[in-house]
Protein chains: 6
Amino acid sequence: MFYHENKLQYTVEVEEPNPAFAKMLQQAIGGIEGEMRVALQYFFQAAAVPDEHAEYREALRDTAAEELSHIELLATAVNKNLEGADISVADGFSSVAAQQPRHFLSSGMHALPNDADGVPFDGSWIVATGNLASDMYANIMAESAGRLLASRLYEMTDDSGMKDMLAFLIARDTMHQNQWISILKDLGDPEELLDVHPIPDSFPDEVENQEFNYAYLSTNVEPQDDPGHPWTSGESPDMEGEFEFIDQHDLEGAPVEVSEADPRTYNDPAPQDED
Amino acid sequence: MFYHENKLQYTVEVEEPNPAFAKMLQQAIGGIEGEMRVALQYFFQAAAVPDEHAEYREALRDTAAEELSHIELLATAVNKNLEGADISVADGFSSVAAQQPRHFLSSGMHALPNDADGVPFDGSWIVATGNLASDMYANIMAESAGRLLASRLYEMTDDSGMKDMLAFLIARDTMHQNQWISILKDLGDPEELLDVHPIPDSFPDEVENQEFNYAYLSTNVEPQDDPGHPWTSGESPDMEGEFEFIDQHDLEGAPVEVSEADPRTYNDPAPQDED
Amino acid sequence: MFYHENKLQYTVEVEEPNPAFAKMLQQAIGGIEGEMRVALQYFFQAAAVPDEHAEYREALRDTAAEELSHIELLATAVNKNLEGADISVADGFSSVAAQQPRHFLSSGMHALPNDADGVPFDGSWIVATGNLASDMYANIMAESAGRLLASRLYEMTDDSGMKDMLAFLIARDTMHQNQWISILKDLGDPEELLDVHPIPDSFPDEVENQEFNYAYLSTNVEPQDDPGHPWTSGESPDMEGEFEFIDQHDLEGAPVEVSEADPRTYNDPAPQDED
Amino acid sequence: MFYHENKLQYTVEVEEPNPAFAKMLQQAIGGIEGEMRVALQYFFQAAAVPDEHAEYREALRDTAAEELSHIELLATAVNKNLEGADISVADGFSSVAAQQPRHFLSSGMHALPNDADGVPFDGSWIVATGNLASDMYANIMAESAGRLLASRLYEMTDDSGMKDMLAFLIARDTMHQNQWISILKDLGDPEELLDVHPIPDSFPDEVENQEFNYAYLSTNVEPQDDPGHPWTSGESPDMEGEFEFIDQHDLEGAPVEVSEADPRTYNDPAPQDED
Amino acid sequence: MFYHENKLQYTVEVEEPNPAFAKMLQQAIGGIEGEMRVALQYFFQAAAVPDEHAEYREALRDTAAEELSHIELLATAVNKNLEGADISVADGFSSVAAQQPRHFLSSGMHALPNDADGVPFDGSWIVATGNLASDMYANIMAESAGRLLASRLYEMTDDSGMKDMLAFLIARDTMHQNQWISILKDLGDPEELLDVHPIPDSFPDEVENQEFNYAYLSTNVEPQDDPGHPWTSGESPDMEGEFEFIDQHDLEGAPVEVSEADPRTYNDPAPQDED
Amino acid sequence: MFYHENKLQYTVEVEEPNPAFAKMLQQAIGGIEGEMRVALQYFFQAAAVPDEHAEYREALRDTAAEELSHIELLATAVNKNLEGADISVADGFSSVAAQQPRHFLSSGMHALPNDADGVPFDGSWIVATGNLASDMYANIMAESAGRLLASRLYEMTDDSGMKDMLAFLIARDTMHQNQWISILKDLGDPEELLDVHPIPDSFPDEVENQEFNYAYLSTNVEPQDDPGHPWTSGESPDMEGEFEFIDQHDLEGAPVEVSEADPRTYNDPAPQDED
């Protein structure tokens with residue numbers, strides 16, 4: 001169950017309303033790097049954690065609820081940046097019309113569940129695989145892309161209120177990156193971050209193809225020698241193999257085979273055309 | 001520039017065609033965990049790598065081209081699983097009709113650029129942020145989810161040909177997880193995988209909010225004490241902070257403020273309604 | 001069957017072409033509040049009305065055809081607003097390029113089946129449930145959001161031609177709101193608008209949970225007393241119950257239970273990891 | 001801010017796991033009639049309610065939090081229906097493969113943020129216009145479609161646990177329909193539900209076209225006389241007009257005009273083609 | 001303006017209701033090859049035809065209205081195939097549940113604006129470029145894919161009523177392919193179908209790159225000689241060039257250049273990381 | 001299998017970076033008329049061509065690989081147009097913010113897999129029907145829309161580097177239009193381009209409805225006489241029929257029939273409501 005409190009998690013001040021920045025902030029609400037995605041991602045991941053790992057579930061639920069609070073912060077920031085916005089199209093481009101028209105037309109000067117281009121939030125972005133190691137990578141990635149987005153938003157504005165709010169969100173993303181890494185470590189041998197690899201670690205090693213599982217494949221049309229990068233030779237980071245370097249020209253490959261068209265498909269030209 | 005060779009990267013045999021498995025394989029072609037996503041993701045990431053990091057660009061391009069070859073393997077596997085499929089709807093459910101109707105109706109018994117439910121591939125899944133550390137997490141995550149998917153497909157089938165092809169794809173995902181981790185290490189201090197954190201590492205530390213950047217936030221409605229998990233106390237994995245535990249009830253918060261409706265929005269009820 | 005007539009339903013004049021307003025008008029064509037949605041919604045609803053209610057079907061078909069005529073009006077208005085538009089990107093933002101580039105690039109200066117941000121019309125917005133009472137609410141809602149949109153468009157422009165066209169569309173939305181309300185009343189006891197509630201009214205009252213069907217639930221983290229609003233106490237508007245007020249803290253609730261991972265899913269960490 | 005409690009709002013029991021019903025339940029999670037939509041809809045609507053109407057905001061936030069709890073109930077029900085599901089494709093159709101393959105392939109036997117067909121939740125479904133009257137219709141409609149969906153799910157299953165959970169959800173939808181109607185009444189004259197019409201009521205009556213705002217338009221190709229329905233003659237339900245009946249054949253209409261192609265568009269055939 | 005008539009364009013009989021075939025028919029309603037797409041495509045194309053080509057506009061409007069009638073036929077066929085369908089999930093797969101659950105859950109046994117997989121109709125499929133020659137190819141292609149779909153549906157069913165309806169729709173697609181070809185011929189020299197090529201023909205020939213406009217490019221990794229196909233040598237079908245054969249290995253190409261990261265983007269690793 | 005070469009297919013120079021033009025170029029990358037679509041379309045079509053038509057498969061694969069190279073050209077052009085872009089929102093509209101904000105926020109000044117409005121590439125645009133004649137029309141159409149787009153982009157810019165790159169892409173589209181036409185001719189009697197019609201040609205002529213397969217249908221509400229256009233009378237272009245002209249008023253049509261609601265659907269108003 002969920003509860004709400006009628007406070008914001010952090011102060012949201014806007015010195016000078018700016019509908020252009022309202023448009024930018026939408027990326028952090030409804031974009032793929034945004035808060036709707038992480039809130040729902042942690043929610044759905046939590047719903048898949050079995051009871052014996054309740055401590056991970058609690059972390060996911062703690063943070064799911066927090067991310068909802070971040071949507072609130074950002075929605076408030078959007079509202080405040082839209083106050084008093086020019087809505088006239090008379091000069092074609094100096095108004096909300098050239099920015100995000102739906103901030104006026106669809107929401108009446110309020111936040112939208114969309115990204116900065118007006119593309120709606122998409123549920124397909126919510127990653128919840130049931131495998132916690134895989135999900136933790138999804139989460140570190142989401143918090144990295146989120147912190148990167150907030151840093152770029154910070155760069156775009158001179159408004160001290162907005163910079164303060166973003167510095168808070170950037171800090172939370174620092175924390176969340178760290179907490180998901182901690183859990184990733186905790187899943188396997190806590191001394192070895194990469195102990196959980198390859199993900200899923202429970203797939204039996206002996207069943208995977210042993211010829212190609214640590215082979216770097218060069219597909220350069222100019223045949224290449226091993227450049228000796230850490231990813232082409234030496235021990236693999238999962239400590240389960242030794243990298244080798246293969247040039248695709250040297251692969252034997254297999255023939256392409258596509259069968260004759262099935263007449264029921266009407267895939268002309270086909271044998272039945274000829275009579 | 002790109003070239004093609006008229007060979008498959010690996011042998012694709014199907015002992016017994018099975019349109020149900022053809023439907024399953026679509027997830028590995030056009031699903032969010034699939035090969036279209038990684039092929040295009042590495043392609044777009046490569047296009048953003050500056051010349052001074054050409055070795056990372058080469059790795060991305062090598063693997064982008066390889067992933068295209070994987071789509072070919074899977075498309076061949078779909079084709080072969082659909083051979084001779086029953087298309088009649090007479091008994092309602094024992095045919096391709098109850099599986100993926102568009103395998104017959106739209107593609108004439110061939111692979112589709114869709115997931116297992118027929119939902120089309122979506123370009124929004126392609127992650128290419130310009131920040132290599134963030135992108136490497138996106139890639140490890142994609143290869144983790146991809147290997148997990150291939151493992152589950154392996155579990156679904158008894159067809160020895162399909163199992164052999166999947167064991168190959170699982171091996172490639174092992175390799176790709178390892179190569180992206182190697183590059184992630186190479187981006188910072190190669191002795192410290194987490195040296196690149198927090199991502200983006202170039203955002204000035206002193207600017208982010210220092211009160212909340214290593215604070216675990218509990219949002220449990222029952223007030224909690226620090227449970228002493230590795231993610232609630234102790235040194236943070238990025239080695240830049242010390243975790244602390246905060247209960248949300250103890251946050252001061254900030255007031256919610258939403259301004260009176262702007263009459264131009266016709267957001268009734270509003271002052272102008274009252275006359 | 002359908003017929004067309006080579007006239008517009010109403011005069012469309014544009015005093016001064018304005019590509020910014022052309023962009024705005026797209027919301028009324030292909031946006032969720034727009035005419036494509038209502039035209040197709042009424043069309044699909046009509047196709048589900050049984051013969052014994054042919055009078056409702058006729059109203060839906062009458063209005064479906066009318067909404068097609070509204071798309072024509074708006075498409076004409078878009079065309080006229082785009083006449084002679086500056087297409088150069090030389091100054092970066094004073095041209096159609098900063099407005100809706102696809103008005104030039106994709107349609108050659110004509111209307112698009114998209115919203116004001118260029119997001120395509122989406123068939124998922126078409127509501128046709130088979131239950132006429134539920135559908136009438138969908139229709140009143142669509143006409144309310146549509147009239148609100150047209151009012152806001154009216155506010156954005158000083159073009160007398162555009163204002164005249166919008167005043168016509170606003171009038172039609174007034175009518176359509178009223179006609180769907182009339183039908184909603186007609187579905188049950190015509191003297192009682194709310195007689196059709198709860199929707200669907202045919203679900204047996206005694207089967208629904210009798211403890212929670214008129215209980216207002218407060219989820220405020222600060223425990224609340226009944227504030228005595230019309231929606232927390234007193235008779236319910238459907239005249240079938242008496243509101244009561246419950247604080248979520250007082251709910252007994254039920255335990256969360258998530259089973260141990262099924263090993264076939266490779267949902268690590270799982271029992272098979274431990275050996 | 002938001003909080004979570006580690007209890008479910010209601011008991012979720014499944015007598016006999018059934019992956020087919022797990023697929024059905026997805027419609028109530030991620031479908032357009034589902035709980036993700038209403039939770040987020042109330043959340044975004046609340047963020048637009050000005051401080052002077054805090055009582056409406058509280059109702060929206062109370063119910064937004066509750067709907068999150070409903071997603072939990074349904075996710076638990078999906079999990080339990082998937083327990084022990086047959087995943088083999090060997091017989092093609094009697095397994096999860098013929099139902100929702102992504103319940104195994106993508107989530108490892110857990111709920112997805114998708115509808116019953118696997119189509120992802122779409123943020124465009126979230127209606128929050130800034131106009132409370134319009135939004136209340138969106139909410140009554142959402143709760144009507146939601147209760148209808150739950151009633152149909154009730155009809156599909158014989159599982160007593162599932163029927164009990166659905167009877168609870170149906171009851172909550174009864175309540176929510178009633179509470180939004182109460183607020184709709186409260187927005188205008190509480191004695192007159194339709195006082196807020198036409199929506200938006202603040203648009204000046206005298207500006208809308210007075211000839212067409214209460215005119216029923218017949219578009220039947222066979223010319224029709226007024227059938228005397230309550231929506232073609234008599235007082236309009238908003239009590240602001242008198243219905244009249246118009247046959248579209250009798251409309252004067254306006255000429256269609258599409259200008260010659262602009263040569264910059266390369267809209268052949270065009271004048272420049274002729275030489 | 002548009003009118004409706006309360007008749008179907010053709011008789012729709014279903015001998016034996018079959019919910020599996022109802023699901024299949026959805027592809028012809030809301031799929032990319034379906035009637036919603038062509039109805040709206042012709043509608044939007046017509047709205048872009050200038051007055052001096054009113055004869056083409058009339059053909060587009062005549063057929064737009066007809067395609068709406070085809071949606072009606074198919075919706076009726078869906079309704080009839082769903083009559084009396086088994087909705088129980090008790091045996092998991094022999095019912096509407098294993099087919100298209102939303103035929104029951106969302107529309108109450110009626111047609112949906114979706115494809116056979118339940119993916120909603122998408123406005124992005126509507127092609128209306130403003131260039132009639134380009135649009136006519138879009139139309140021939142749409143009618144070809146549509147006739148192919150109807151032929152495959154014909155193959156799937158033994159129901160004589162459904163076969164009769166499909167034979168009618170196949171005939172209409174024959175006609176529509178022919179009428180759009182006729183108009184394509186009429187756009188240029190009516191004796192030369194390909195006179196309108198290359199499309200757009202009004203782009204000045206001398207401006208396009210003259211070295212590569214009739215050069216077939218082989219990208220085979222094995223260097224190839226001209227195989228002498230009609231598309232690698234000889235006169236081009238547009239009668240404006242002579243094909244030649246080029247091997248990509250022989251292209252000079254140009255260097256790849258990606259600039260150093262802009263520090264404002266936080267695209268690590270970047271110069272500012274190094275201190 | 002695929003290979004890459006570290007060269008661009010053609011030189012990409014930008015005289016003066018222009019973020020507005022970077023936004024425009026996105027339409028040619030990720031728009032429906034763009035290179036991602038054709039690259040993947042040819043890739044999927046090739047995977048469906050049976051071995052006995054390997055020459056068509058080779059043409060599709062040759063061109064699929066080439067189109068990937070075109071994405072590279074355009075991505076490079078986007079990168080170069082974004083160099084040094086103003087990212088400040090201080091003046092609201094003269095920056096990348098008013099153009100494509102995600103060029104900064106999401107990709108750090110690089111190309112996106114989106115169209116000019118930021119709408120993501122959509123896999124549903126990839127047409128691969130299995131029928132080569134139908135697919136060739138899809139390809140001619142794609143290359144026509146693509147060349148039209150490139151011509152319009154040419155018109156928008158004064159940058160000589162961009163004009164040179166576009167002149168190259170326009171030339172390639174000329175070639176590709178011609179090569180697909182050549183293959184279309186080659187599929188049937190090479191002397192008769194239209195020999196493959198009606199598509200699919202293998203559907204038995206005698207089965208389609210013979211009354212309506214060459215009948216032009218006028219749906220004009222004003223009854224029309226045959227205007228004697230080449231598409232209303234005379235021999236059909238497929239040389240298999242004679243056009244005739246029918247007025248829809250003269251069609252007999254068939255009755256509309258929608259059955260009484262099934263009580264299991266709760267489609268009120270229904271018989272069970274009445275007690």
# chains A, B, ... in the order shown; residues from 1 in each chain; ligands from 1
$ interface_residues --of "chain F" --to "chain C" --cutoff "7 Å" --atoms "only C-alpha atoms" --output "list of chain:residue names"
F:Asn18, F:Ala20, F:Phe21, F:Met24, F:Ser94, F:Ala98, F:Gln99, F:Ala116, F:Asp117, F:Val119, F:Leu149, F:Arg152, F:Met156, F:Thr157, F:Thr219, F:Asn220, F:Val221, F:Glu257, F:Val258, F:Ser259, F:Glu260, F:Ala261, F:Tyr266, F:Asn267, F:Asp268, F:Pro269, F:Gln272, F:Asp273
$ write_last_selection --atoms "C-alpha atoms" --output "PDB file, in the first residue's frame"
ATOM      1  CA  ASN F  18      23.205  25.008 -37.782  1.00  0.00           C
ATOM      2  CA  ALA F  20      18.021  23.881 -36.912  1.00  0.00           C
ATOM      3  CA  PHE F  21      19.260  21.923 -39.888  1.00  0.00           C
ATOM      4  CA  MET F  24      15.666  18.697 -40.096  1.00  0.00           C
ATOM      5  CA  SER F  94      17.307  31.102 -30.138  1.00  0.00           C
ATOM      6  CA  ALA F  98      13.799  25.546 -29.348  1.00  0.00           C
ATOM      7  CA  GLN F  99      14.989  23.122 -31.972  1.00  0.00           C
ATOM      8  CA  ALA F 116      12.564  15.667 -37.009  1.00  0.00           C
ATOM      9  CA  ASP F 117       9.969  15.979 -34.258  1.00  0.00           C
ATOM     10  CA  VAL F 119       9.272  10.736 -32.585  1.00  0.00           C
ATOM     11  CA  LEU F 149      12.417  14.472 -48.594  1.00  0.00           C
ATOM     12  CA  ARG F 152      12.975  19.448 -49.710  1.00  0.00           C
ATOM     13  CA  MET F 156      15.861  24.493 -46.906  1.00  0.00           C
ATOM     14  CA  THR F 157      19.565  25.075 -46.694  1.00  0.00           C
ATOM     15  CA  THR F 219     -19.498   7.977 -53.514  1.00  0.00           C
ATOM     16  CA  ASN F 220     -20.398  11.574 -54.306  1.00  0.00           C
ATOM     17  CA  VAL F 221     -23.664  12.501 -52.666  1.00  0.00           C
ATOM     18  CA  GLU F 257     -27.365  -6.162 -38.450  1.00  0.00           C
ATOM     19  CA  VAL F 258     -25.972  -6.015 -34.965  1.00  0.00           C
ATOM     20  CA  SER F 259     -27.169  -8.655 -32.529  1.00  0.00           C
ATOM     21  CA  GLU F 260     -28.576  -8.073 -29.111  1.00  0.00           C
ATOM     22  CA  ALA F 261     -25.929  -7.689 -26.446  1.00  0.00           C
ATOM     23  CA  TYR F 266     -22.426  -6.238 -19.311  1.00  0.00           C
ATOM     24  CA  ASN F 267     -23.191  -4.146 -22.382  1.00  0.00           C
ATOM     25  CA  ASP F 268     -25.941  -2.062 -20.793  1.00  0.00           C
ATOM     26  CA  PRO F 269     -28.656  -1.222 -21.620  1.00  0.00           C
ATOM     27  CA  GLN F 272     -31.129  -7.876 -17.643  1.00  0.00           C
ATOM     28  CA  ASP F 273     -31.324  -4.180 -16.788  1.00  0.00           C
TER      29      ASP F 273
END
$ residues_around --residues "His110 (chain B)" --least-positions-apart "6" --cutoff "7 Å" --atoms "only C-alpha atoms" --output "count of residues only"
4
$ residues_around --residues "region 142-146 of chain A" --least-positions-apart "2" --cutoff "8 Å" --atoms "only C-alpha atoms" --output "list in words"
Ala28, Glu33, Gly34, Val38, Ala138, Asn139, Ile140, Leu148, Leu149, Ala150, Asp173, Thr174, His176 and Gln177 of chain A; Thr129, Ser134, Pro198, Ile199 and Pro200 of chain B
$ residues_around --residues "region 69-75 of chain E" --least-positions-apart "4" --cutoff "9 Å" --atoms "only C-alpha atoms" --output "list in words"
Met1, Phe2, Phe43, Phe44, Ala47 and Ala48 of chain C; Leu8, Gln9, Tyr10, Thr11, Val12, Leu25, Gln26, Ala28, Ile29, Gly30, Gly34, Glu35, Met36, Ala39, Ala65, Asn79, Lys80, His110, Ala111, Leu112, Met165 and Leu169 of chain E
$ atom_distance --atom1 "CA of Ala215 (chain D)" --atom2 "CA of Ser151 (chain C)"
19.4 Å
$ atom_distance --atom1 "CA of Asp159 (chain A)" --atom2 "CA of Arg147 (chain A)"
18.7 Å
$ residues_around --residues "Arg37 (chain A)" --least-positions-apart "4" --cutoff "9 Å" --atoms "only C-alpha atoms" --output "PyMOL selection string"
chain A and resi 29-33+41-42+121-123+125-127+142
$ atom_distance --atom1 "CA of Ala64 (chain E)" --atom2 "CA of Leu40 (chain E)"
6.8 Å
$ closest_residue --among "C:Val256, C:Asp225, C:Glu208, C:Leu82" --to "Leu166 (chain D)" --atoms "only C-alpha atoms"
C:Glu208
$ closest_residue --among "D:Glu240, D:Glu222, D:Gly234, D:Gly228" --to "Asp205 (chain D)" --atoms "only C-alpha atoms"
D:Glu240
$ residues_around --residues "Ala167 (chain D)" --least-positions-apart "4" --cutoff "8 Å" --atoms "only C-alpha atoms" --output "list in words"
Val207, Glu208 and Asn209 of chain C; Tyr154, Lys163 and Ala171 of chain D
$ decode --residues "region 51-87 of chain B" --atoms "C-alpha atoms" --output "mmCIF file, in the first residue's frame"
data_model
loop_
_atom_site.group_PDB
_atom_site.id
_atom_site.type_symbol
_atom_site.label_atom_id
_atom_site.label_comp_id
_atom_site.auth_asym_id
_atom_site.auth_seq_id
_atom_site.Cartn_x
_atom_site.Cartn_y
_atom_site.Cartn_z
ATOM 1 C CA ASP B 51 38.386 10.298 -32.933
ATOM 2 C CA GLU B 52 40.692 10.231 -29.917
ATOM 3 C CA HIS B 53 38.832 7.196 -28.616
ATOM 4 C CA ALA B 54 38.803 5.319 -31.918
ATOM 5 C CA GLU B 55 39.534 2.018 -30.167
ATOM 6 C CA TYR B 56 36.187 2.151 -28.416
ATOM 7 C CA ARG B 57 34.484 3.139 -31.664
ATOM 8 C CA GLU B 58 35.999 0.139 -33.395
ATOM 9 C CA ALA B 59 34.690 -2.202 -30.718
ATOM 10 C CA LEU B 60 31.224 -0.737 -31.076
ATOM 11 C CA ARG B 61 31.303 -1.027 -34.864
ATOM 12 C CA ASP B 62 32.701 -4.558 -34.780
ATOM 13 C CA THR B 63 29.848 -5.640 -32.589
ATOM 14 C CA ALA B 64 27.151 -3.621 -34.367
ATOM 15 C CA ALA B 65 27.956 -5.558 -37.540
ATOM 16 C CA GLU B 66 27.965 -8.830 -35.644
ATOM 17 C CA GLU B 67 24.526 -8.185 -34.169
ATOM 18 C CA LEU B 68 23.140 -7.725 -37.675
ATOM 19 C CA SER B 69 24.412 -11.245 -38.351
ATOM 20 C CA HIS B 70 22.515 -12.449 -35.310
ATOM 21 C CA ILE B 71 19.276 -11.033 -36.663
ATOM 22 C CA GLU B 72 19.969 -13.146 -39.752
ATOM 23 C CA LEU B 73 20.435 -16.285 -37.669
ATOM 24 C CA LEU B 74 17.189 -15.681 -35.848
ATOM 25 C CA ALA B 75 15.277 -14.771 -38.999
ATOM 26 C CA THR B 76 16.455 -18.028 -40.542
ATOM 27 C CA ALA B 77 15.339 -19.879 -37.437
ATOM 28 C CA VAL B 78 11.903 -18.255 -37.639
ATOM 29 C CA ASN B 79 11.573 -19.158 -41.317
ATOM 30 C CA LYS B 80 12.462 -22.786 -40.632
ATOM 31 C CA ASN B 81 10.108 -23.076 -37.693
ATOM 32 C CA LEU B 82 7.238 -21.835 -39.837
ATOM 33 C CA GLU B 83 7.713 -24.331 -42.658
ATOM 34 C CA GLY B 84 4.549 -26.203 -43.394
ATOM 35 C CA ALA B 85 2.659 -24.585 -40.536
ATOM 36 C CA ASP B 86 -1.037 -25.228 -40.271
ATOM 37 C CA ILE B 87 -2.812 -22.001 -41.174
#
